[in-house]
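Raw run-v8.csv, CSV, C-alpha atoms:
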```
chain,number,residue,atom,x,y,z
A,1235,MET,CA,1.2,11.8,-50.6
A,1236,GLY,CA,2.8,11.9,-47.1
A,1237,ARG,CA,0.9,11.6,-43.9
A,1238,PRO,CA,-0.4,15.0,-42.6
A,1239,ALA,CA,1.6,16.5,-39.6
A,1240,THR,CA,0.2,16.2,-36.1
A,1241,PRO,CA,-1.6,19.5,-35.3
A,1242,VAL,CA,0.0,21.7,-32.7
A,1243,GLY,CA,-1.2,20.9,-29.2
A,1244,THR,CA,-2.1,17.2,-30.1
A,1245,TYR,CA,-0.4,13.9,-30.0
A,1246,GLY,CA,0.0,10.9,-32.2
A,1247,VAL,CA,-0.5,7.2,-31.6
A,1248,ILE,CA,0.0,5.9,-28.1
A,1249,ASN,CA,2.4,2.9,-27.9
A,1250,VAL,CA,2.6,0.7,-24.8
A,1251,GLU,CA,5.4,-1.8,-24.2
A,1252,GLN,CA,6.2,-4.1,-21.3
A,1253,LEU,CA,9.6,-3.4,-19.8
A,1254,PRO,CA,11.9,-6.0,-18.3
A,1255,PRO,CA,11.0,-6.8,-14.7
A,1256,THR,CA,12.8,-5.0,-11.9
A,1257,ARG,CA,15.3,-6.8,-9.7
A,1258,ALA,CA,12.5,-7.3,-7.2
A,1259,GLY,CA,10.5,-9.0,-10.0
A,1260,LYS,CA,7.9,-6.2,-10.5
A,1261,VAL,CA,6.3,-5.9,-13.9
A,1262,ARG,CA,6.3,-2.5,-15.5
A,1263,HIS,CA,4.6,-1.0,-18.6
A,1264,ARG,CA,5.6,2.1,-20.5
A,1265,ALA,CA,3.3,4.2,-22.6
A,1266,SER,CA,4.7,6.7,-25.0
A,1267,ALA,CA,3.5,9.2,-27.7
A,1268,TYR,CA,4.9,12.1,-29.6
A,1269,PHE,CA,3.4,15.5,-28.8
A,1270,ARG,CA,3.6,18.5,-31.1
A,1271,MET,CA,4.7,21.6,-29.1
A,1272,ALA,CA,3.8,25.2,-29.6
A,1273,ASP,CA,7.0,25.8,-31.7
A,1274,GLY,CA,6.1,22.9,-34.0
A,1275,SER,CA,8.7,20.5,-32.6
A,1276,LEU,CA,7.8,16.9,-31.6
A,1277,ARG,CA,8.4,15.9,-28.0
A,1278,LEU,CA,8.5,12.2,-26.9
A,1279,VAL,CA,6.5,11.9,-23.7
A,1280,ARG,CA,6.7,8.7,-21.6
A,1281,ARG,CA,5.0,7.4,-18.5
A,1282,GLN,CA,5.4,4.1,-16.6
A,1283,ALA,CA,3.0,2.1,-14.4
A,1284,PRO,CA,2.5,-1.5,-13.2
A,1285,THR,CA,-0.2,-2.1,-15.7
A,1286,LYS,CA,-0.9,-1.2,-19.4
A,1287,GLY,CA,-4.0,0.7,-18.5
A,1288,GLN,CA,-2.4,2.7,-15.7
A,1289,ALA,CA,0.6,3.6,-17.9
A,1290,THR,CA,-1.8,4.9,-20.6
A,1291,THR,CA,-3.9,6.9,-18.1
A,1292,ARG,CA,-0.7,8.6,-16.7
A,1293,LEU,CA,0.5,9.4,-20.2
A,1294,LYS,CA,-2.9,11.0,-21.2
A,1295,GLU,CA,-2.8,13.2,-18.0
A,1296,ALA,CA,0.7,14.4,-19.0
A,1297,LEU,CA,-0.4,15.0,-22.6
A,1298,ARG,CA,-3.5,17.0,-21.4
A,1299,GLU,CA,-1.2,19.3,-19.3
A,1300,LEU,CA,1.0,19.9,-22.3
A,1301,ALA,CA,-2.0,20.6,-24.5
A,1302,THR,CA,-3.1,23.3,-22.0
A,1303,GLU,CA,0.4,24.9,-22.0
A,1304,THR,CA,0.5,25.2,-25.8
A,1305,GLN,CA,-2.7,27.3,-26.1
A,1306,ASP,CA,-0.8,30.5,-26.6
A,1307,GLY,CA,-1.1,31.7,-23.0
A,1308,ASP,CA,-4.8,30.7,-22.7
A,1309,ILE,CA,-5.6,28.9,-19.5
A,1310,GLU,CA,-8.5,26.9,-18.2
A,1311,LYS,CA,-9.8,25.9,-14.8
A,1312,ASP,CA,-7.9,22.6,-15.1
A,1313,THR,CA,-4.5,24.3,-15.9
A,1314,ARG,CA,-1.9,23.7,-13.3
A,1315,PHE,CA,-1.3,26.8,-11.1
A,1316,TYR,CA,2.5,26.7,-11.6
A,1317,HIS,CA,1.9,27.3,-15.3
A,1318,VAL,CA,-0.2,30.4,-14.5
A,1319,VAL,CA,2.6,31.7,-12.3
A,1320,GLU,CA,5.1,31.2,-15.1
A,1321,LEU,CA,2.9,33.2,-17.5
A,1322,TRP,CA,2.2,36.0,-15.1
A,1323,LEU,CA,5.9,36.3,-14.3
A,1324,GLU,CA,6.6,36.6,-18.0
A,1325,GLU,CA,4.0,39.3,-18.2
A,1326,ILE,CA,5.4,41.5,-15.4
A,1327,ALA,CA,9.0,40.9,-16.6
A,1328,GLN,CA,7.9,42.5,-19.9
A,1329,GLU,CA,6.4,45.4,-17.9
A,1330,ALA,CA,9.8,45.8,-16.2
A,1331,GLU,CA,11.6,45.9,-19.6
A,1332,LEU,CA,9.2,48.7,-20.6
A,1333,GLY,CA,10.1,50.6,-17.4
A,1334,ASN,CA,6.6,50.3,-15.9
A,1335,LEU,CA,7.8,48.0,-13.0
A,1336,SER,CA,11.1,47.6,-11.2
A,1337,PRO,CA,13.1,44.5,-12.0
A,1338,THR,CA,13.7,44.2,-8.3
A,1339,THR,CA,10.0,43.8,-7.7
A,1340,VAL,CA,9.9,41.0,-10.4
A,1341,SER,CA,12.7,39.2,-8.6
A,1342,LEU,CA,11.1,39.6,-5.3
A,1343,TYR,CA,7.8,38.2,-6.5
A,1344,ARG,CA,9.6,35.3,-8.2
A,1345,ARG,CA,11.4,34.3,-5.0
A,1346,ALA,CA,8.3,34.7,-2.9
A,1347,LEU,CA,6.3,32.4,-5.2
A,1348,LYS,CA,9.1,29.8,-5.6
A,1349,ASN,CA,9.8,29.6,-1.9
A,1350,TRP,CA,6.4,29.9,-0.4
A,1351,ALA,CA,3.5,29.5,-2.8
A,1352,LEU,CA,4.5,26.9,-5.4
A,1353,PRO,CA,5.5,24.1,-3.0
A,1354,SER,CA,1.9,24.1,-1.7
A,1355,LEU,CA,-0.1,25.3,-4.7
A,1356,GLY,CA,2.0,24.7,-7.8
A,1357,GLN,CA,0.6,21.3,-8.8
A,1358,LEU,CA,-3.1,22.2,-8.1
A,1359,ARG,CA,-5.5,23.0,-10.9
A,1360,CYS,CA,-6.7,26.6,-11.0
A,1361,ARG,CA,-10.1,25.5,-9.7
A,1362,GLU,CA,-8.4,23.9,-6.7
A,1363,VAL,CA,-6.6,27.1,-5.6
A,1364,LEU,CA,-9.1,28.0,-2.9
A,1365,VAL,CA,-9.2,30.7,-0.3
A,1366,THR,CA,-8.4,28.3,2.6
A,1367,ARG,CA,-5.2,27.0,0.8
A,1368,CYS,CA,-4.0,30.5,-0.1
A,1369,ASP,CA,-4.7,31.6,3.5
A,1370,LYS,CA,-2.5,28.8,4.9
A,1371,VAL,CA,0.4,29.8,2.6
A,1372,VAL,CA,0.3,33.4,3.7
A,1373,LYS,CA,0.0,32.5,7.4
A,1374,LYS,CA,2.9,30.1,7.1
A,1375,ALA,CA,5.1,32.8,5.6
A,1376,ARG,CA,4.0,35.2,8.4
A,1377,ALA,CA,4.8,32.6,11.1
A,1378,LYS,CA,8.1,31.3,9.7
A,1379,ALA,CA,9.5,34.4,8.2
A,1380,SER,CA,8.0,37.9,8.8
A,1381,TYR,CA,5.1,40.2,8.1
A,1382,ASP,CA,7.0,41.8,5.2
A,1383,THR,CA,7.6,38.3,3.6
A,1384,ALA,CA,3.9,37.3,4.1
A,1385,LYS,CA,2.9,40.7,2.5
A,1386,THR,CA,5.0,40.0,-0.5
A,1387,VAL,CA,3.7,36.4,-0.9
A,1388,LYS,CA,0.2,37.7,-0.7
A,1389,ALA,CA,0.8,40.4,-3.3
A,1390,ALA,CA,2.5,38.0,-5.7
A,1391,LEU,CA,-0.3,35.4,-5.3
A,1392,SER,CA,-2.9,38.1,-5.9
A,1393,GLY,CA,-1.1,39.1,-9.1
A,1394,ALA,CA,-1.0,35.5,-10.4
A,1395,CYS,CA,-4.6,34.8,-9.5
A,1396,ASP,CA,-5.7,38.1,-11.2
A,1397,TYR,CA,-4.0,36.8,-14.3
A,1398,ALA,CA,-5.9,33.6,-14.0
A,1399,VAL,CA,-9.2,35.5,-13.7
A,1400,ARG,CA,-8.4,37.6,-16.7
A,1401,HIS,CA,-7.7,34.5,-18.8
A,1402,GLY,CA,-10.5,32.3,-17.7
A,1403,GLY,CA,-8.7,30.0,-15.3
A,1404,MET,CA,-10.6,31.3,-12.2
A,1405,ASP,CA,-13.9,33.0,-11.7
A,1406,ALA,CA,-12.7,35.1,-8.8
A,1407,ASN,CA,-9.4,36.0,-7.1
A,1408,PRO,CA,-9.2,33.9,-3.9
A,1409,ILE,CA,-6.6,36.2,-2.4
A,1410,ARG,CA,-9.2,39.0,-2.0
A,1411,SER,CA,-10.9,36.9,0.6
A,1412,VAL,CA,-7.7,36.0,2.6
A,1413,GLY,CA,-7.7,37.5,6.0
A,1414,ARG,CA,-6.0,40.8,6.8
A,1415,MET,CA,-2.6,40.7,8.4
A,1416,SER,CA,-1.4,42.8,11.3
A,1417,ARG,CA,2.2,44.0,11.4
A,1418,GLY,CA,2.1,43.8,15.2
A,1419,LYS,CA,4.1,46.2,17.4
A,1420,GLN,CA,5.6,48.9,15.3
A,1421,LYS,CA,9.4,48.9,15.3
A,1422,GLU,CA,11.2,51.9,16.9
A,1423,VAL,CA,12.7,54.3,14.4
A,1424,VAL,CA,16.5,54.0,14.9
A,1425,THR,CA,18.5,57.1,14.0
A,1426,LEU,CA,21.8,58.7,14.6
A,1427,SER,CA,22.1,61.5,17.2
A,1428,ALA,CA,24.2,64.6,16.4
A,1429,PRO,CA,27.2,63.4,18.4
A,1430,GLN,CA,26.9,59.9,16.8
A,1431,ARG,CA,26.8,61.4,13.3
A,1432,ALA,CA,30.0,63.4,13.8
A,1433,ASP,CA,31.7,60.4,15.5
A,1434,LEU,CA,30.7,57.9,12.8
A,1435,LEU,CA,31.8,60.2,10.0
A,1436,ALA,CA,35.2,60.8,11.6
A,1437,LYS,CA,35.7,57.1,12.3
A,1438,LEU,CA,34.8,56.2,8.7
A,1439,ARG,CA,37.4,58.7,7.4
A,1440,ALA,CA,40.0,57.1,9.7
A,1441,TYR,CA,39.0,53.5,8.8
A,1442,ALA,CA,39.0,53.9,5.0
A,1443,PRO,CA,42.8,54.2,4.6
A,1444,THR,CA,43.3,50.9,6.5
A,1445,ARG,CA,41.3,49.1,3.8
A,1446,GLN,CA,43.7,50.0,1.0
A,1447,VAL,CA,45.7,46.8,1.2
A,1448,ASP,CA,44.7,43.1,1.0
A,1449,ALA,CA,45.3,40.4,3.5
A,1450,ARG,CA,48.9,40.0,2.3
A,1451,GLY,CA,49.6,43.7,2.6
A,1452,ARG,CA,49.5,44.4,-1.1
A,1453,SER,CA,48.0,47.7,-2.3
A,1454,LEU,CA,44.5,47.4,-3.7
A,1455,GLY,CA,45.1,50.5,-5.8
A,1456,ALA,CA,41.9,51.7,-7.5
A,1457,ARG,CA,40.0,48.7,-6.2
A,1458,GLY,CA,40.2,50.2,-2.7
A,1459,ARG,CA,38.3,53.3,-3.8
A,1460,ILE,CA,35.0,52.1,-2.4
A,1461,TRP,CA,36.2,52.4,1.2
A,1462,LEU,CA,37.5,55.9,0.6
A,1463,ASP,CA,34.0,56.8,-0.8
A,1464,LEU,CA,32.1,55.8,2.3
A,1465,PRO,CA,32.4,59.0,4.2
A,1466,ASP,CA,31.3,61.1,1.2
A,1467,LEU,CA,28.4,58.6,0.7
A,1468,MET,CA,27.3,59.1,4.2
A,1469,GLU,CA,27.4,62.9,3.7
A,1470,ALA,CA,25.4,62.6,0.5
A,1471,MET,CA,22.7,60.5,2.1
A,1472,LEU,CA,22.4,62.7,5.2
A,1473,SER,CA,22.3,65.9,3.2
A,1474,SER,CA,19.6,64.6,0.8
A,1475,GLY,CA,17.6,61.8,2.5
A,1476,ALA,CA,17.9,59.9,-0.8
A,1477,ARG,CA,18.1,56.1,-0.9
A,1478,ILE,CA,21.4,54.5,-1.6
A,1479,GLY,CA,20.3,53.3,-5.1
A,1480,GLU,CA,19.3,56.9,-5.9
A,1481,VAL,CA,22.5,58.4,-4.7
A,1482,LEU,CA,24.5,56.0,-6.8
A,1483,ALA,CA,22.5,57.1,-9.8
A,1484,ILE,CA,23.4,60.8,-9.4
A,1485,LEU,CA,25.6,62.1,-12.3
A,1486,GLY,CA,27.8,65.2,-12.4
A,1487,PRO,CA,25.3,67.4,-14.3
A,1488,ASP,CA,22.6,66.6,-11.6
A,1489,VAL,CA,24.6,68.7,-9.0
A,1490,GLU,CA,24.5,72.5,-9.0
A,1491,PRO,CA,26.7,73.6,-6.1
A,1492,ALA,CA,26.0,77.3,-6.7
A,1493,ALA,CA,22.3,76.8,-6.0
A,1494,PRO,CA,23.0,74.5,-4.1
A,1495,THR,CA,20.8,71.7,-5.4
A,1496,VAL,CA,20.9,68.0,-6.3
A,1497,ALA,CA,18.5,66.4,-8.8
A,1498,VAL,CA,17.4,62.9,-7.8
A,1499,THR,CA,15.9,61.5,-10.9
A,1500,HIS,CA,17.1,57.9,-11.3
A,1501,HIS,CA,18.0,54.8,-9.3
A,1502,VAL,CA,20.4,52.0,-9.9
A,1503,VAL,CA,19.0,48.4,-9.9
A,1504,ARG,CA,20.5,45.0,-10.8
A,1505,VAL,CA,18.4,43.4,-13.6
A,1506,PRO,CA,18.8,39.6,-13.6
A,1507,GLY,CA,20.7,38.5,-16.6
A,1508,ALA,CA,21.4,42.0,-17.8
A,1509,GLY,CA,23.5,43.6,-15.0
A,1510,LEU,CA,23.2,47.1,-13.5
A,1511,ASP,CA,20.7,49.6,-14.9
A,1512,ARG,CA,20.3,53.3,-14.2
A,1513,ARG,CA,16.5,53.5,-14.2
A,1514,GLU,CA,14.5,56.6,-14.8
A,1515,LEU,CA,12.6,58.0,-11.8
A,1516,PRO,CA,13.6,57.3,-8.2
A,1517,LYS,CA,12.5,54.1,-6.4
A,1518,GLY,CA,8.7,53.6,-6.4
A,1519,ASN,CA,8.4,55.5,-9.8
A,1520,VAL,CA,7.6,58.7,-8.0
A,1521,GLY,CA,8.4,61.9,-9.8
A,1522,GLY,CA,12.0,63.1,-9.8
A,1523,LEU,CA,13.1,65.4,-7.0
A,1524,LEU,CA,15.2,68.6,-7.1
A,1525,LEU,CA,16.5,68.9,-3.6
A,1526,ALA,CA,18.2,71.9,-1.9
A,1527,VAL,CA,21.1,70.7,0.1
A,1528,PRO,CA,22.7,72.2,3.3
A,1529,GLN,CA,25.9,74.3,3.0
A,1530,TRP,CA,28.0,71.9,5.0
A,1531,SER,CA,27.6,69.3,2.3
A,1532,VAL,CA,28.4,71.7,-0.7
A,1533,PRO,CA,32.2,71.1,-0.7
A,1534,MET,CA,31.6,67.3,-1.0
A,1535,TRP,CA,29.1,67.7,-3.8
A,1536,GLN,CA,31.4,70.2,-5.6
A,1537,ARG,CA,34.4,68.0,-5.3
A,1538,ARG,CA,32.6,64.9,-6.6
A,1539,LYS,CA,31.0,66.8,-9.4
A,1540,GLU,CA,34.3,68.0,-10.7
A,1541,ALA,CA,35.8,64.5,-10.5
A,1542,ALA,CA,32.9,62.8,-12.1
A,1543,GLY,CA,32.3,65.0,-15.1
A,1544,ASN,CA,29.2,63.6,-16.8
A,1545,ASN,CA,29.5,60.3,-15.1
A,1546,ALA,CA,28.2,58.9,-11.8
A,1547,LEU,CA,29.4,60.8,-8.7
A,1548,PHE,CA,30.0,57.4,-7.0
A,1549,ALA,CA,31.4,54.9,-9.5
A,1550,SER,CA,33.4,51.7,-9.4
A,1551,PHE,CA,37.1,51.7,-9.9
A,1552,THR,CA,36.5,51.0,-13.6
A,1553,GLY,CA,34.1,54.0,-13.9
A,1554,GLU,CA,31.0,51.9,-14.1
A,1555,LEU,CA,27.8,52.0,-11.9
A,1556,LEU,CA,28.1,50.7,-8.4
A,1557,ASP,CA,25.9,47.8,-7.2
A,1558,PRO,CA,23.7,49.1,-4.3
A,1559,SER,CA,23.9,45.7,-2.6
A,1560,ASN,CA,27.7,45.6,-2.7
A,1561,VAL,CA,27.9,49.2,-1.4
A,1562,ILE,CA,25.5,48.3,1.4
A,1563,ASN,CA,27.7,45.3,2.4
A,1564,ARG,CA,30.8,47.5,2.4
A,1565,LEU,CA,29.0,50.2,4.5
A,1566,THR,CA,27.8,47.6,7.0
A,1567,GLU,CA,31.3,46.1,7.3
A,1568,ALA,CA,32.9,49.4,7.9
A,1569,ALA,CA,30.2,50.6,10.4
A,1570,THR,CA,30.6,47.3,12.3
A,1571,ALA,CA,34.4,47.7,12.4
A,1572,VAL,CA,34.2,51.2,14.0
A,1573,GLY,CA,31.6,50.2,16.6
A,1574,TYR,CA,28.3,51.0,14.8
A,1575,LYS,CA,27.1,47.6,13.9
A,1576,TRP,CA,23.4,48.7,14.1
A,1577,VAL,CA,23.8,51.3,11.4
A,1578,THR,CA,22.5,50.6,7.9
A,1579,SER,CA,22.1,52.9,4.9
A,1580,HIS,CA,18.5,53.3,5.8
A,1581,VAL,CA,19.4,54.7,9.2
A,1582,PHE,CA,20.8,57.7,7.4
A,1583,ARG,CA,17.4,58.2,5.7
A,1584,LYS,CA,15.5,57.8,8.9
A,1585,THR,CA,17.9,60.3,10.6
A,1586,VAL,CA,17.0,62.9,7.9
A,1587,GLY,CA,13.3,62.4,8.6
A,1588,THR,CA,13.8,62.7,12.3
A,1589,VAL,CA,15.9,65.8,12.1
A,1590,LEU,CA,13.3,67.5,9.9
A,1591,ASP,CA,10.5,66.4,12.4
A,1592,GLU,CA,12.5,67.8,15.3
A,1593,ALA,CA,12.6,71.1,13.4
A,1594,ASP,CA,8.8,71.1,13.6
A,1595,LEU,CA,8.4,70.8,9.8
A,1596,PRO,CA,5.0,69.3,8.7
A,1597,ILE,CA,4.9,65.6,7.8
A,1598,THR,CA,4.1,66.7,4.2
A,1599,ALA,CA,7.4,68.5,4.0
A,1600,ILE,CA,9.2,65.4,5.4
A,1601,ALA,CA,7.5,63.2,2.8
A,1602,ASP,CA,8.5,65.6,0.0
A,1603,GLN,CA,12.1,65.4,1.0
A,1604,LEU,CA,12.1,61.6,1.2
A,1605,GLY,CA,10.0,61.1,-1.9
A,1606,ASN,CA,7.3,59.2,0.1
A,1607,THR,CA,3.7,59.6,0.9
A,1608,PRO,CA,2.9,61.3,4.3
A,1609,ALA,CA,1.6,58.0,5.6
A,1610,VAL,CA,4.8,56.2,4.8
A,1611,ALA,CA,6.9,59.0,6.2
A,1612,GLU,CA,4.9,59.0,9.4
A,1613,ARG,CA,5.1,55.2,9.9
A,1614,HIS,CA,8.8,54.6,9.0
A,1615,TYR,CA,10.8,57.8,9.2
A,1616,ARG,CA,9.5,59.7,12.2
A,1617,LYS,CA,10.5,59.0,15.8
A,1618,GLN,CA,7.8,59.1,18.5
A,1619,ARG,CA,7.9,62.5,20.2
A,1620,VAL,CA,6.2,64.2,23.1
A,1621,ALA,CA,3.0,65.6,21.7
A,1622,ASN,CA,1.7,67.7,24.7
A,1623,LEU,CA,4.5,69.9,25.9
A,1624,GLY,CA,2.2,73.0,25.9
A,1625,ASN,CA,-0.6,71.1,27.6
A,1626,ALA,CA,1.8,69.9,30.3
A,1627,ASP,CA,2.7,73.6,31.1
A,1628,ALA,CA,-1.0,74.4,31.6
A,1629,LEU,CA,-1.6,71.3,33.8
A,1630,GLU,CA,1.2,72.5,36.2
A,1631,ALA,CA,-1.4,74.7,37.9
A,1632,MET,CA,-3.8,71.9,38.6
A,1633,MET,CA,-2.3,71.0,42.0
A,1634,PRO,CA,-0.5,73.3,44.4
A,1635,ALA,CA,3.2,72.4,44.9
A,1636,ALA,CA,2.6,71.9,48.6
A,1637,ALA,CA,0.1,69.1,47.9
A,1638,ALA,CA,2.7,67.0,46.2
A,1639,PRO,CA,3.8,64.0,48.3
```
Would you write the structure of this file as structure tokens?
Amino acid sequence: MGRPATPVGTYGVINVEQLPPTRAGKVRHRASAYFRMADGSLRLVRRQAPTKGQATTRLKEALRELATETQDGDIEKDTRFYHVVELWLEEIAQEAELGNLSPTTVSLYRRALKNWALPSLGQLRCREVLVTRCDKVVKKARAKASYDTAKTVKAALSGACDYAVRHGGMDANPIRSVGRMSRGKQKEVVTLSAPQRADLLAKLRAYAPTRQVDARGRSLGARGRIWLDLPDLMEAMLSSGARIGEVLAILGPDVEPAAPTVAVTHHVVRVPGAGLDRRELPKGNVGGLLLAVPQWSVPMWQRRKEAAGNNALFASFTGELLDPSNVINRLTEAATAVGYKWVTSHVFRKTVGTVLDEADLPITAIADQLGNTPAVAERHYRKQRVANLGNADALEAMMPAAAAP
């Protein structure tokens, strides 16, 4: 009868051998053992050290880590934090596949943890991931990058630590005790004035034909279509306030020129390893929007609806979805070339919010147009305006004109 197999998550006999001395004459020992992985395969694990005992100790530490990682996702207080992060990222990636989370968010969290958290916390045991250490990581991201980066790092760390709490690796989430961050002075909302809107649109229309040949003067053919689409894209964003990823997801049937309305119900995202995806619901998973659009934009919507049929209004030269990042790059390049280097796709959205605000529409109406909460619309899409014009008129009578110096 054969020898029974090594159980999953355990290892066999530890062998220690003395290796040939190094060129410097140093003595080395190597301890090795076969470990049975979660899939049943055997993995040879080796560790070296100057003495037999040290080599054995290092090997056992490595084997204990492997044992922790093969417990079907279960973690303990001695589990390395990098393993918890891997498990949590797998969990939210599955949520993204189900449509409960944006793939962009998963990628954002993955980068934040890789670049900022894991270099400092990855090799620590769960019980060693303390508030003070997490606080240092967040503050470092704030100091060396930005408030937004630090906010993302903090959110990603909180999610990973919550996972550890749920699975027994931590008693409490240390991120909940990390100090609050301040954004600092709020950035000015940058928008396009009416003359600038007309000027930029005219210049984009004039610029687009110049980009229909390559550096050698050869015609780009259908590949140059993206440049010709930029003026219409600008009109689409200014007439709706939609984000660029949402505009790129609009299909022919979503447009009703007779109404005139445009349904904003999806957004385009790039899923790592899978390509572009037209995801249900606009960005942020808010409900779909049915937007009335101004009459000046109807000819553009009508023309693009007829050309698109049932496909995307703004598509690649092969008829596929356009990548929002690539379109943003083309728009930035074109705007810079015609003297509007400061203009981004988000400036169009902020311009819509400002125009609505200047028309004395309530902040709730602006938020509805943009698909945001009133608080977000107030903070990011509304320029500061004089709040006391009526009061100033009343104050005119406080001092006689003759008393003025």
- Please provide the set of residues having any atom within 6 Å of Gly1522 in chain A, restricted to all atoms listed in the file, with same-chain residues fewer than 5 positions apart removed, written as a VMD selection string. chain A and resid 1498 to 1499 1515
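With all atoms listed in the file as the atoms that count, the minimum distance from Met1534 in chain A to the choices A:Arg1564, A:Gly1479, A:Asp1396, A:Met1471 is reached by A:Met1471.
Separating CA of Arg1459 in chain A from CA of Lys1584 in chain A is a distance of 26.5 Å.
Using only C-alpha atoms, the nearest neighbour of Cys1360 in chain A within the list A:Leu1438, A:Ala1541, A:Ile1309, A:Val1242 is A:Ile1309.
Relative to CA of Ala1428 in chain A, CA of Leu1565 in chain A is found at 19.3 Å.
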List the spatial neighbours of range 1545-1559 of chain A as a PDB file with C-alpha atoms, keeping the file's coordinate frame - criterion: any atom at most 9 Å away, only C-alpha atoms, same-chain residues fewer than 3 positions off excluded.
```
ATOM      1  CA  ALA A1456      41.900  51.700  -7.500  1.00  0.00           C
ATOM      2  CA  ARG A1457      40.000  48.700  -6.200  1.00  0.00           C
ATOM      3  CA  GLY A1458      40.200  50.200  -2.700  1.00  0.00           C
ATOM      4  CA  ARG A1459      38.300  53.300  -3.800  1.00  0.00           C
ATOM      5  CA  ILE A1460      35.000  52.100  -2.400  1.00  0.00           C
ATOM      6  CA  ASP A1463      34.000  56.800  -0.800  1.00  0.00           C
ATOM      7  CA  LEU A1467      28.400  58.600   0.700  1.00  0.00           C
ATOM      8  CA  ILE A1478      21.400  54.500  -1.600  1.00  0.00           C
ATOM      9  CA  GLY A1479      20.300  53.300  -5.100  1.00  0.00           C
ATOM     10  CA  VAL A1481      22.500  58.400  -4.700  1.00  0.00           C
ATOM     11  CA  LEU A1482      24.500  56.000  -6.800  1.00  0.00           C
ATOM     12  CA  ALA A1483      22.500  57.100  -9.800  1.00  0.00           C
ATOM     13  CA  ILE A1484      23.400  60.800  -9.400  1.00  0.00           C
ATOM     14  CA  LEU A1485      25.600  62.100 -12.300  1.00  0.00           C
ATOM     15  CA  GLY A1486      27.800  65.200 -12.400  1.00  0.00           C
ATOM     16  CA  PRO A1487      25.300  67.400 -14.300  1.00  0.00           C
ATOM     17  CA  VAL A1502      20.400  52.000  -9.900  1.00  0.00           C
ATOM     18  CA  VAL A1503      19.000  48.400  -9.900  1.00  0.00           C
ATOM     19  CA  ARG A1504      20.500  45.000 -10.800  1.00  0.00           C
ATOM     20  CA  LEU A1510      23.200  47.100 -13.500  1.00  0.00           C
ATOM     21  CA  ASP A1511      20.700  49.600 -14.900  1.00  0.00           C
ATOM     22  CA  ARG A1512      20.300  53.300 -14.200  1.00  0.00           C
ATOM     23  CA  TRP A1535      29.100  67.700  -3.800  1.00  0.00           C
ATOM     24  CA  ARG A1538      32.600  64.900  -6.600  1.00  0.00           C
ATOM     25  CA  LYS A1539      31.000  66.800  -9.400  1.00  0.00           C
ATOM     26  CA  GLU A1540      34.300  68.000 -10.700  1.00  0.00           C
ATOM     27  CA  ALA A1541      35.800  64.500 -10.500  1.00  0.00           C
ATOM     28  CA  ALA A1542      32.900  62.800 -12.100  1.00  0.00           C
ATOM     29  CA  ILE A1562      25.500  48.300   1.400  1.00  0.00           C
ATOM     30  CA  ASN A1563      27.700  45.300   2.400  1.00  0.00           C
ATOM     31  CA  ARG A1564      30.800  47.500   2.400  1.00  0.00           C
TER      32      ARG A1564
END
```
- Message: As an exercise, work out the distance from CA of Ala1493 in chain A to CA of Ala1436 in chain A in Å and give it to one decimal place.
- Response: 27.1 Å
- Task: Could you tell me which of A:Pro1596, A:Gly1402, A:Pro1465, A:Pro1408 comes closest to Ala1389 in chain A if we count all atoms listed in the file?
- Result: A:Pro1408
- Task: For Arg1280 in chain A, list every protein, DNA or RNA residue within 7 Å, evaluated using only C-alpha atoms, and leave out those in the same chain fewer than 4 positions away; present the list as a PyMOL selection string.
- Result: chain A and resi 1264-1267+1293
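With distances restricted to only C-alpha atoms, A:Tyr1441 is the closest residue to Thr1570 in chain A from A:Asp1488, A:Arg1452, A:Arg1513, A:Tyr1441.
Proximity to Ala1384 in chain A was assessed for A:Ser1416, A:Thr1598, A:Gln1446, A:Thr1256 counting only C-alpha atoms; the smallest distance is recorded for A:Ser1416.
Look at Lys1260 in chain A: the protein and nucleic acid residues within 12 Å of it, using only C-alpha atoms and passing over chain neighbours fewer than 5 places away, are Gln1252, Leu1253, Pro1254, Pro1255, Ala1283, Pro1284 and Thr1285 of chain A.
With only C-alpha atoms as the atoms that count, the minimum distance from Gly1356 in chain A to the choices A:Thr1313, A:Thr1425, A:Gln1430, A:Gln1282 is reached by A:Thr1313.
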